[in-house]
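Enquirer: The structure file input_21.tsv (TSV, C-alpha atoms and all ligand atoms) is provided below.
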```
chain	number	residue	atom	x	y	z
U	24	MET	CA	120.10	108.52	102.35
U	25	LYS	CA	121.98	110.80	100.03
U	26	LEU	CA	119.43	112.95	98.23
U	27	SER	CA	115.96	114.27	99.13
U	28	LEU	CA	113.91	116.02	96.49
U	29	ILE	CA	111.09	118.11	97.94
U	30	THR	CA	108.15	119.35	95.91
U	31	PRO	CA	105.14	121.42	96.99
U	32	VAL	CA	101.97	120.40	95.18
U	33	PHE	CA	98.81	122.46	94.94
U	34	ASN	CA	96.32	121.38	92.28
U	35	GLU	CA	98.85	119.97	89.83
U	36	GLN	CA	97.08	116.73	88.82
U	37	ASP	CA	98.06	116.93	85.15
U	38	ASN	CA	101.64	117.97	85.78
U	39	LEU	CA	102.45	115.21	88.26
U	40	PRO	CA	102.86	112.35	85.75
U	41	LEU	CA	105.29	114.52	83.76
U	42	LEU	CA	107.17	115.33	86.95
U	43	PHE	CA	107.46	111.69	87.94
U	44	ASP	CA	108.69	110.72	84.48
U	45	ALA	CA	111.32	113.43	84.48
U	46	VAL	CA	112.47	112.66	88.03
U	47	TYR	CA	112.76	108.93	87.37
U	48	LYS	CA	114.72	109.62	84.22
U	49	VAL	CA	117.25	111.81	86.00
U	50	MET	CA	117.54	109.69	89.13
U	51	SER	CA	118.17	106.48	87.19
U	52	SER	CA	121.14	108.19	85.57
U	53	LEU	CA	122.56	109.29	88.93
U	54	ASN	CA	123.17	106.07	90.85
U	55	THR	CA	122.62	107.43	94.35
U	56	SER	CA	120.05	106.73	97.07
U	57	TRP	CA	117.18	109.20	96.86
U	58	GLU	CA	113.64	110.03	97.91
U	59	LEU	CA	111.04	112.34	96.44
U	60	ILE	CA	108.87	113.98	99.09
U	61	LEU	CA	105.69	115.46	97.67
U	62	VAL	CA	103.76	117.76	99.93
U	63	ASP	CA	100.14	118.11	98.90
U	64	ASP	CA	99.19	121.58	100.07
U	65	GLY	CA	95.43	120.96	100.37
U	66	SER	CA	94.80	120.34	96.66
U	67	TYR	CA	91.16	119.99	95.71
U	68	ASP	CA	91.74	118.40	92.31
U	69	LYS	CA	92.93	114.80	91.82
U	70	SER	CA	96.54	115.48	92.85
U	71	LEU	CA	96.33	113.45	96.03
U	72	SER	CA	95.00	110.32	94.35
U	73	VAL	CA	97.72	110.59	91.69
U	74	LEU	CA	100.30	110.88	94.47
U	75	LYS	CA	98.86	107.90	96.34
U	76	GLU	CA	99.06	105.78	93.24
U	77	TYR	CA	102.73	106.55	92.65
U	78	ALA	CA	103.57	106.16	96.34
U	79	GLN	CA	102.02	102.70	96.46
U	80	ASN	CA	103.98	101.59	93.44
U	81	ASP	CA	107.36	102.87	94.58
U	82	LEU	CA	107.60	102.57	98.32
U	83	PRO	CA	111.20	103.48	99.05
U	84	HIS	CA	111.39	106.48	96.77
U	85	ILE	CA	108.09	108.28	96.81
U	86	ARG	CA	106.83	109.81	100.05
U	87	VAL	CA	103.75	111.95	100.42
U	88	ILE	CA	102.58	114.42	103.06
U	89	SER	CA	99.06	115.74	102.61
U	90	PHE	CA	97.93	118.90	104.42
U	91	ARG	CA	94.40	119.29	105.79
U	92	ARG	CA	94.03	122.57	103.94
U	93	ASN	CA	96.06	124.96	101.83
U	94	PHE	CA	98.85	126.42	103.96
U	95	GLY	CA	100.97	127.88	101.16
U	96	GLN	CA	104.10	126.91	99.29
U	97	THR	CA	106.47	127.89	102.09
U	98	ALA	CA	104.65	125.73	104.66
U	99	ALA	CA	104.70	122.82	102.20
U	100	ILE	CA	108.45	123.21	101.76
U	101	ALA	CA	108.91	123.44	105.53
U	102	ALA	CA	107.01	120.17	106.04
U	103	GLY	CA	109.14	118.47	103.39
U	104	LEU	CA	112.30	119.66	105.13
U	105	ASP	CA	111.06	118.36	108.48
U	106	TYR	CA	110.75	114.85	107.09
U	107	ALA	CA	113.62	114.75	104.60
U	108	GLN	CA	116.37	112.27	105.37
U	109	GLY	CA	118.90	113.17	102.69
U	110	GLU	CA	122.27	114.79	103.26
U	111	ILE	CA	121.50	116.89	100.23
U	112	ILE	CA	118.18	118.60	99.69
U	113	VAL	CA	116.85	119.77	96.35
U	114	LEU	CA	113.68	121.84	96.19
U	115	LEU	CA	111.68	122.08	92.99
U	116	ASP	CA	108.19	123.00	91.82
U	117	ALA	CA	105.67	120.35	90.85
U	118	ASP	CA	104.39	122.21	87.79
U	119	MET	CA	107.31	121.23	85.54
U	120	GLN	CA	108.34	124.85	85.10
U	121	ASN	CA	111.59	123.78	86.76
U	122	ASP	CA	113.46	121.06	84.91
U	123	PRO	CA	114.61	118.03	86.96
U	124	ALA	CA	117.26	117.51	84.26
U	125	ASP	CA	119.19	120.42	85.82
U	126	ILE	CA	119.68	118.52	89.09
U	127	PRO	CA	122.90	116.58	88.22
U	128	MET	CA	124.63	119.81	87.22
U	129	MET	CA	123.62	121.40	90.53
U	130	LEU	CA	124.84	118.38	92.51
U	131	ALA	CA	128.17	118.62	90.70
U	132	LYS	CA	128.43	122.21	91.93
U	133	LEU	CA	127.81	121.07	95.52
U	134	ASP	CA	130.62	118.56	95.05
U	135	GLU	CA	132.93	121.44	94.19
U	136	GLY	CA	132.51	122.50	97.81
U	137	TYR	CA	129.51	124.81	97.79
U	138	ASP	CA	126.80	124.52	100.44
U	139	LEU	CA	124.01	126.04	98.38
U	140	VAL	CA	123.47	126.13	94.63
U	141	SER	CA	120.80	128.57	93.55
U	142	GLY	CA	118.92	128.20	90.26
U	143	TRP	CA	118.56	131.26	88.05
U	144	ARG	CA	115.76	131.25	85.51
U	145	LYS	CA	117.59	133.47	83.09
U	146	SER	CA	114.94	133.22	80.41
U	147	ARG	CA	111.88	133.01	82.57
U	148	LYS	CA	108.63	131.99	80.93
U	149	ASP	CA	106.06	133.82	83.02
U	150	ASN	CA	103.92	136.93	82.58
U	151	ALA	CA	106.30	139.84	81.99
U	152	ILE	CA	104.24	142.54	83.68
U	153	THR	CA	102.74	140.83	86.69
U	154	ARG	CA	105.61	138.44	87.44
U	155	ASN	CA	108.96	138.94	85.72
U	156	PHE	CA	109.32	142.69	86.13
U	157	PRO	CA	108.22	142.92	89.79
U	158	SER	CA	110.41	139.94	90.53
U	159	MET	CA	113.41	141.63	88.91
U	160	VAL	CA	112.88	144.67	91.12
U	161	ALA	CA	112.42	142.48	94.21
U	162	ASN	CA	115.56	140.48	93.45
U	163	GLY	CA	117.60	143.66	93.03
U	164	LEU	CA	116.26	145.00	96.30
U	165	ILE	CA	116.91	141.77	98.22
U	166	SER	CA	120.47	141.57	96.87
U	167	TRP	CA	121.15	145.16	97.81
U	168	VAL	CA	119.60	145.03	101.29
U	169	THR	CA	120.99	141.66	102.34
U	170	GLY	CA	124.34	141.77	100.54
U	171	VAL	CA	123.75	138.23	99.23
U	172	HIS	CA	123.99	138.67	95.48
U	173	LEU	CA	121.71	136.33	93.54
U	174	HIS	CA	119.66	137.03	90.42
U	175	ASP	CA	116.72	134.84	91.27
U	176	TYR	CA	115.61	134.28	94.84
U	177	GLY	CA	112.16	133.20	93.69
U	178	CYS	CA	113.35	130.17	91.72
U	179	THR	CA	112.38	127.15	93.80
U	180	LEU	CA	114.95	124.92	92.14
U	181	LYS	CA	117.92	125.11	94.48
U	182	ALA	CA	120.22	122.51	96.03
U	183	TYR	CA	121.29	122.64	99.66
U	184	ARG	CA	123.65	120.80	101.91
U	185	ARG	CA	121.48	119.78	104.82
U	186	ASP	CA	123.47	121.37	107.63
U	187	VAL	CA	122.97	124.91	106.31
U	188	LEU	CA	119.22	124.43	106.67
U	189	GLU	CA	119.27	123.38	110.28
U	190	GLY	CA	118.00	125.67	113.01
U	191	PHE	CA	115.93	127.73	110.59
U	192	ARG	CA	112.15	128.01	110.57
U	193	LEU	CA	110.18	129.18	107.56
U	194	TYR	CA	107.31	131.64	107.87
U	195	GLY	CA	105.23	133.67	105.39
U	196	GLU	CA	106.78	133.58	101.92
U	197	MET	CA	110.19	133.01	103.33
U	198	HIS	CA	111.50	129.99	101.49
U	199	ARG	CA	113.06	132.38	99.00
U	200	PHE	CA	115.16	133.84	101.80
U	201	ILE	CA	116.88	130.59	102.69
U	202	PRO	CA	120.05	131.77	100.87
U	203	VAL	CA	120.13	134.89	103.03
U	204	TYR	CA	119.86	132.83	106.17
U	205	ALA	CA	122.38	130.30	104.88
U	206	SER	CA	124.81	133.07	104.07
U	207	SER	CA	124.43	134.44	107.60
U	208	VAL	CA	125.51	131.09	109.05
U	209	GLY	CA	128.52	131.03	106.75
U	210	ALA	CA	127.36	128.90	103.79
U	211	LYS	CA	129.27	129.05	100.52
U	212	ILE	CA	126.76	130.00	97.85
U	213	THR	CA	126.84	129.91	94.08
U	214	GLU	CA	124.38	130.40	91.27
U	215	VAL	CA	123.74	128.43	88.06
U	216	GLN	CA	121.43	129.11	85.13
U	217	VAL	CA	118.55	126.66	84.93
U	218	ASN	CA	115.87	125.88	82.39
U	219	HIS	CA	112.42	127.30	82.77
U	220	HIS	CA	109.33	126.22	80.89
U	221	PRO	CA	105.91	127.77	80.51
U	222	ARG	CA	103.20	125.99	82.44
U	223	LYS	CA	101.53	123.31	80.33
U	224	PHE	CA	98.66	122.50	82.68
U	225	GLY	CA	96.90	124.33	85.47
U	226	LYS	CA	97.63	127.95	86.28
U	227	THR	CA	99.91	129.98	88.50
U	228	LYS	CA	98.76	130.60	92.05
U	229	TYR	CA	100.41	133.97	92.32
U	230	GLY	CA	100.16	137.50	90.98
U	231	LEU	CA	101.49	140.95	91.74
U	232	GLU	CA	100.46	140.84	95.43
U	233	ARG	CA	103.17	138.33	96.14
U	234	THR	CA	105.91	140.91	95.49
U	235	ILE	CA	104.45	143.05	98.27
U	236	LYS	CA	104.56	140.15	100.71
U	237	VAL	CA	108.11	139.42	99.68
U	238	ILE	CA	109.21	142.99	100.33
U	239	LEU	CA	107.54	142.94	103.77
U	240	ASP	CA	109.30	139.66	104.54
U	241	LEU	CA	112.55	141.31	103.53
U	242	PHE	CA	112.26	143.68	106.51
U	243	THR	CA	111.88	140.75	108.89
U	244	VAL	CA	114.70	138.79	107.33
U	245	LYS	CA	117.11	141.70	107.30
U	246	PHE	CA	116.30	142.45	110.93
U	247	LEU	CA	116.64	138.82	112.01
U	248	VAL	CA	119.85	138.21	110.14
U	249	ALA	CA	121.57	141.46	111.00
U	250	TYR	CA	120.31	142.21	114.51
U	251	SER	CA	118.64	139.18	116.04
U	252	SER	CA	121.39	138.66	118.55
U	253	LYS	CA	122.03	142.39	119.07
U	254	PRO	CA	118.76	144.34	118.65
U	255	ILE	CA	120.00	147.20	120.84
U	256	TYR	CA	122.43	148.15	118.06
U	257	LEU	CA	119.50	148.93	115.78
U	258	PHE	CA	117.09	150.44	118.31
U	259	GLY	CA	119.86	152.14	120.24
U	260	GLY	CA	121.47	153.45	117.04
U	261	ALA	CA	118.21	154.90	115.74
U	262	GLY	CA	117.27	156.17	119.20
U	263	GLY	CA	120.65	157.75	119.75
U	264	LEU	CA	120.47	159.51	116.40
U	265	LEU	CA	116.98	160.90	117.12
U	266	MET	CA	118.05	162.09	120.57
U	267	PHE	CA	121.11	163.75	119.09
U	268	ILE	CA	119.06	165.62	116.47
U	269	GLY	CA	116.59	166.64	119.20
U	270	PHE	CA	119.44	167.83	121.38
U	271	ALA	CA	121.16	169.75	118.57
U	272	THR	CA	117.87	171.48	117.73
U	273	MET	CA	117.47	172.50	121.35
U	274	VAL	CA	121.01	173.91	121.45
U	275	TYR	CA	120.25	175.89	118.30
U	276	LEU	CA	117.08	177.29	119.92
U	277	LEU	CA	118.97	178.24	123.09
U	278	VAL	CA	121.75	179.94	121.18
U	279	ARG	CA	119.13	181.88	119.24
U	280	ARG	CA	117.46	182.84	122.50
U	281	LEU	CA	120.67	183.99	124.20
U	282	PHE	CA	122.26	185.92	121.37
U	283	PHE	CA	119.37	187.00	119.17
U	284	LEU	CA	116.59	187.06	121.74
U	285	VAL	CA	114.27	184.82	119.70
U	286	SER	CA	111.72	183.00	121.85
U	287	VAL	CA	112.35	179.28	122.32
U	288	THR	CA	108.80	178.16	122.93
U	289	GLY	CA	107.36	180.35	120.17
U	290	SER	CA	109.08	178.26	117.49
U	291	PRO	CA	107.61	174.97	116.21
U	292	LEU	CA	111.16	173.62	116.35
U	293	PHE	CA	110.76	173.41	120.11
U	294	GLN	CA	108.01	170.78	119.82
U	295	VAL	CA	109.96	168.95	117.14
U	296	SER	CA	113.02	168.84	119.34
U	297	ALA	CA	111.09	167.55	122.36
U	298	MET	CA	109.39	164.92	120.23
U	299	LEU	CA	112.63	163.67	118.67
U	300	PHE	CA	114.25	163.45	122.07
U	301	THR	CA	111.35	161.45	123.56
U	302	LEU	CA	111.08	159.14	120.56
U	303	GLY	CA	114.80	158.47	120.66
U	304	PHE	CA	114.70	157.65	124.33
U	305	GLN	CA	111.70	155.33	123.80
U	306	SER	CA	113.53	153.59	121.01
U	307	ILE	CA	116.48	152.85	123.26
U	308	LEU	CA	114.12	151.43	125.89
U	309	MET	CA	112.50	149.23	123.20
U	310	GLY	CA	115.96	148.02	122.29
U	311	LEU	CA	116.50	146.96	125.90
U	312	ILE	CA	113.25	145.01	125.89
U	313	ALA	CA	114.29	143.38	122.61
U	314	GLU	CA	117.57	142.39	124.27
U	315	LEU	CA	115.59	140.59	126.99
U	316	LEU	CA	113.53	138.80	124.33
U	317	VAL	CA	116.65	137.69	122.48
U	318	ARG	CA	118.05	136.18	125.64
U	319	THR	CA	114.82	134.30	126.26
U	320	TYR	CA	114.85	133.10	122.66
U	321	HIS	CA	118.38	131.79	122.65
U	322	GLU	CA	118.43	130.41	126.16
U	323	SER	CA	115.00	128.74	126.15
U	324	GLN	CA	116.01	126.79	123.06
U	325	ARG	CA	119.61	126.60	124.14
U	326	LYS	CA	120.51	128.02	120.77
U	327	PRO	CA	124.15	128.98	120.40
U	328	THR	CA	124.93	132.39	118.97
U	329	TYR	CA	127.40	130.91	116.47
U	330	THR	CA	127.57	128.13	113.88
U	331	VAL	CA	130.42	125.66	113.52
U	332	ARG	CA	131.68	124.21	110.23
U	333	THR	CA	133.97	121.50	111.64
U	334	MET	CA	135.51	120.59	114.97
U	335	ILE	CA	138.83	118.85	115.59
U	336	ASN	CA	139.34	116.64	118.63
U	337	LEU	CA	136.03	117.75	120.07
U	338	GLU	CA	132.88	115.72	120.14
U	339	HIS	CA	130.61	116.51	123.04
U	340	ASP	CA	127.78	118.98	122.69
U	341	PRO	CA	128.47	121.83	125.15
U	342	ARG	CA	124.77	121.98	125.89
U	343	ASP	CA	124.62	118.45	127.34
N	1	LIG	N1	102.14	125.73	95.52
N	1	LIG	C1	101.77	125.21	96.75
N	1	LIG	N2	100.90	125.90	97.53
N	1	LIG	C2	100.37	127.10	97.15
N	1	LIG	C3	100.79	127.65	95.91
N	1	LIG	C4	101.66	126.94	95.12
N	1	LIG	O1	102.22	124.13	97.13
N	1	LIG	O2	99.58	127.68	97.90
N	1	LIG	C5	103.08	124.98	94.67
N	1	LIG	C6	102.61	124.75	93.25
N	1	LIG	O3	101.87	123.57	93.14
N	1	LIG	C7	103.91	124.68	92.49
N	1	LIG	C8	104.80	125.64	93.26
N	1	LIG	O4	104.23	125.77	94.55
N	1	LIG	O5	104.48	123.38	92.57
N	1	LIG	C9	104.92	126.99	92.57
N	1	LIG	O6	103.66	127.54	92.33
N	1	LIG	P1	103.28	128.32	91.00
N	1	LIG	O7	103.71	127.52	89.82
N	1	LIG	O8	101.85	128.70	91.08
N	1	LIG	O9	104.19	129.60	91.14
N	1	LIG	P2	104.99	130.34	89.96
N	1	LIG	O10	105.80	129.29	89.24
N	1	LIG	O11	103.97	130.95	89.09
N	1	LIG	O12	105.83	131.32	90.71
N	2	MG	MG	105.18	127.63	88.46
```
Could I get this structure in the form of structure tokens?
Expert:
Amino acid sequence: MKLSLITPVFNEQDNLPLLFDAVYKVMSSLNTSWELILVDDGSYDKSLSVLKEYAQNDLPHIRVISFRRNFGQTAAIAAGLDYAQGEIIVLLDADMQNDPADIPMMLAKLDEGYDLVSGWRKSRKDNAITRNFPSMVANGLISWVTGVHLHDYGCTLKAYRRDVLEGFRLYGEMHRFIPVYASSVGAKITEVQVNHHPRKFGKTKYGLERTIKVILDLFTVKFLVAYSSKPIYLFGGAGGLLMFIGFATMVYLLVRRLFFLVSVTGSPLFQVSAMLFTLGFQSILMGLIAELLVRTYHESQRKPTYTVRTMINLEHDPRD
């Protein structure tokens, strides 16, 4: 199987026929083997019966996973990834805000040698105040913090080479951070402008609160990507800095005591110094505990601490 399209579906009954039409139109022009995996995320409208109907009529192409309840878009995407068989994975929304007609252009980019092609909804057709503006701020922040420079993390329409998705689990709202993870395992990433349409049917499931979740997820992602195999560098670095400031303050107090006869314990700086020193020391100890956790994590799953692009004259898995 060459190509897997994955689509999360939550109450999109009226959009689905449009989606199927558009997907069939594009795929018939492409001449490759493909599947469309639709993940019904606990819809309570008629989405599931629409999906069943299409799946019965087109067995090899249309596959459906239906959740027992609503688990969220990221979980739906994760389920689709678990079952996808394609070498190339394309994610897109079911609401026809993304345009399946952009897919061939994205596949052509992958053929140029990229591992991930990210869609950018340059003229986005969503609410400016609750969606577009917060998302612009969030995108700027994510780019700056992670060093992976994309304009539009939130755009679902993205194409991936399968191997950059392996070994990665999705939690929270984290599907938008796949490029950050992919970049950390050495993927070549590029960005293309894609079409975006206003919703014709149904309504958006998100508002301003999503941006807050995304920013919280950013902390986790940054930590995992930058320090997950060396947490002591973060905890130890912060701890060392705090201890140093605490120590320097104490030296200042002692010098003041010796030469200017100012009482050490009478100054609030004394408490501050003691607190900084203790906190710093605690932080280093936490870093050591985190180091133990990291070892358990990697060794229990026999996860290597590196990723390989190709191997020459080597076949066996060192873990066997
Ligand atoms: N979606 C989902 N589960 C949810 C929320 C959304 O599967 O809990 C799907 C939804 O059906 C759509 C996609 O995720 O296909 C994007 O959702 P939406 O259009 O509401 O987001 P927006 O485009 O406004 O960011
Ligand atoms: Mg949408």
Enquirer: Hey, which residues sit close to ligand LIG 1 (chain N)? Say within 9 Å, counting all atoms listed in the file, and write them as an mmCIF file with C-alpha atoms, keeping the file's coordinate frame.
Expert:
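Result file selection_15.cif:
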```
data_model
loop_
_atom_site.group_PDB
_atom_site.id
_atom_site.type_symbol
_atom_site.label_atom_id
_atom_site.label_comp_id
_atom_site.auth_asym_id
_atom_site.auth_seq_id
_atom_site.Cartn_x
_atom_site.Cartn_y
_atom_site.Cartn_z
ATOM 1 C CA THR U 30 108.150 119.350 95.910
ATOM 2 C CA PRO U 31 105.140 121.420 96.990
ATOM 3 C CA VAL U 32 101.970 120.400 95.180
ATOM 4 C CA PHE U 33 98.810 122.460 94.940
ATOM 5 C CA ASN U 34 96.320 121.380 92.280
ATOM 6 C CA GLU U 35 98.850 119.970 89.830
ATOM 7 C CA VAL U 62 103.760 117.760 99.930
ATOM 8 C CA ASP U 63 100.140 118.110 98.900
ATOM 9 C CA ASP U 64 99.190 121.580 100.070
ATOM 10 C CA GLY U 65 95.430 120.960 100.370
ATOM 11 C CA SER U 66 94.800 120.340 96.660
ATOM 12 C CA ASN U 93 96.060 124.960 101.830
ATOM 13 C CA PHE U 94 98.850 126.420 103.960
ATOM 14 C CA GLY U 95 100.970 127.880 101.160
ATOM 15 C CA GLN U 96 104.100 126.910 99.290
ATOM 16 C CA THR U 97 106.470 127.890 102.090
ATOM 17 C CA ALA U 98 104.650 125.730 104.660
ATOM 18 C CA ALA U 99 104.700 122.820 102.200
ATOM 19 C CA ILE U 100 108.450 123.210 101.760
ATOM 20 C CA LEU U 115 111.680 122.080 92.990
ATOM 21 C CA ASP U 116 108.190 123.000 91.820
ATOM 22 C CA ALA U 117 105.670 120.350 90.850
ATOM 23 C CA ASP U 118 104.390 122.210 87.790
ATOM 24 C CA MET U 119 107.310 121.230 85.540
ATOM 25 C CA GLN U 120 108.340 124.850 85.100
ATOM 26 C CA ASN U 121 111.590 123.780 86.760
ATOM 27 C CA ASP U 149 106.060 133.820 83.020
ATOM 28 C CA ASN U 150 103.920 136.930 82.580
ATOM 29 C CA ARG U 154 105.610 138.440 87.440
ATOM 30 C CA GLY U 177 112.160 133.200 93.690
ATOM 31 C CA CYS U 178 113.350 130.170 91.720
ATOM 32 C CA THR U 179 112.380 127.150 93.800
ATOM 33 C CA PRO U 221 105.910 127.770 80.510
ATOM 34 C CA ARG U 222 103.200 125.990 82.440
ATOM 35 C CA GLY U 225 96.900 124.330 85.470
ATOM 36 C CA LYS U 226 97.630 127.950 86.280
ATOM 37 C CA THR U 227 99.910 129.980 88.500
ATOM 38 C CA LYS U 228 98.760 130.600 92.050
ATOM 39 C CA TYR U 229 100.410 133.970 92.320
ATOM 40 C CA GLY U 230 100.160 137.500 90.980
#
```
Enquirer: For the atom pair CA of Val168 in chain U and CA of Gln216 in chain U, what is the interatomic distance in Å to one decimal place?
Expert: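 Going from CA of Val168 in chain U over to CA of Gln216 in chain U, I get 22.8 Å.
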Enquirer: Just how far from CA of Asp138 in chain U is CA of Arg185 in chain U, in Å to one decimal?
Expert: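 These atoms are spaced 8.4 Å apart.
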Enquirer: Between U:Ile235, U:Val73, U:Leu180, U:Leu247, which has the minimum distance to ligand MG 2 (chain N) (counting all atoms listed in the file)?
Expert: U:Leu180
Enquirer: What separation in Å, quoted to one decimal, exists between CA of Met24 in chain U and CA of Ser72 in chain U?
Expert: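 It comes out at 26.4 Å.
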Enquirer: Would you compute the box with edges along x, y and z of the file around range 112-129 of chain U, including every atom the file lists for it and 3 Å extra on each side, and give its centre and edge lengths in Å to one decimal, as lines of an AutoDock Vina configuration file?
Expert:
```
center_x = 114.5
center_y = 120.7
center_z = 92.0
size_x = 26.2
size_y = 14.3
size_z = 21.4
```
Enquirer: Would you mind listing what lies within 9 Å of range 43-58 of chain U as a PyMOL selection string, with only C-alpha atoms counted and same-chain residues fewer than 4 positions away left out?
Expert: chain U and resi 24-29+38-39+77+83-86+107-109+119+122-127
Enquirer: List every protein, DNA or RNA residue with an atom no more than 10 Å from (122.5, 126.0, 93.6) in the file's coordinates, counting all atoms listed in the file, and format the result as a list in words.
Expert: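 Result, sorted by chain then residue number: Val113, Ile126, Met128, Met129, Leu130, Ala131, Lys132, Leu133, Tyr137, Asp138, Leu139, Val140, Ser141, Gly142, Trp143, Leu180, Lys181, Ala182, Tyr183, Arg184, Pro202, Ile212, Thr213, Glu214, Val215, Gln216 and Val217 of chain U.
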Enquirer: Using all atoms listed in the file for the distances, tell me which of U:Pro254, U:Gly263, U:Pro327, U:Pro291 is nearest to Ala313 in chain U.
Expert: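 Under the stated criterion, the closest residue is U:Pro254.
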Enquirer: Hey, which of U:Glu76, U:Thr243, U:Lys148, U:Tyr256 ends up closest to ligand MG 2 (chain N)? Count only C-alpha atoms and all ligand atoms.
Expert: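 So, comparing all the options, the nearest one is U:Lys148.
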Enquirer: Excluding Leu164 in chain U and any residue of its chain fewer than 6 positions from it, enumerate the residues within 10 Å of it, using all atoms listed in the file, and give them as a PyMOL selection string.
Expert: chain U and resi 158+170+238+241
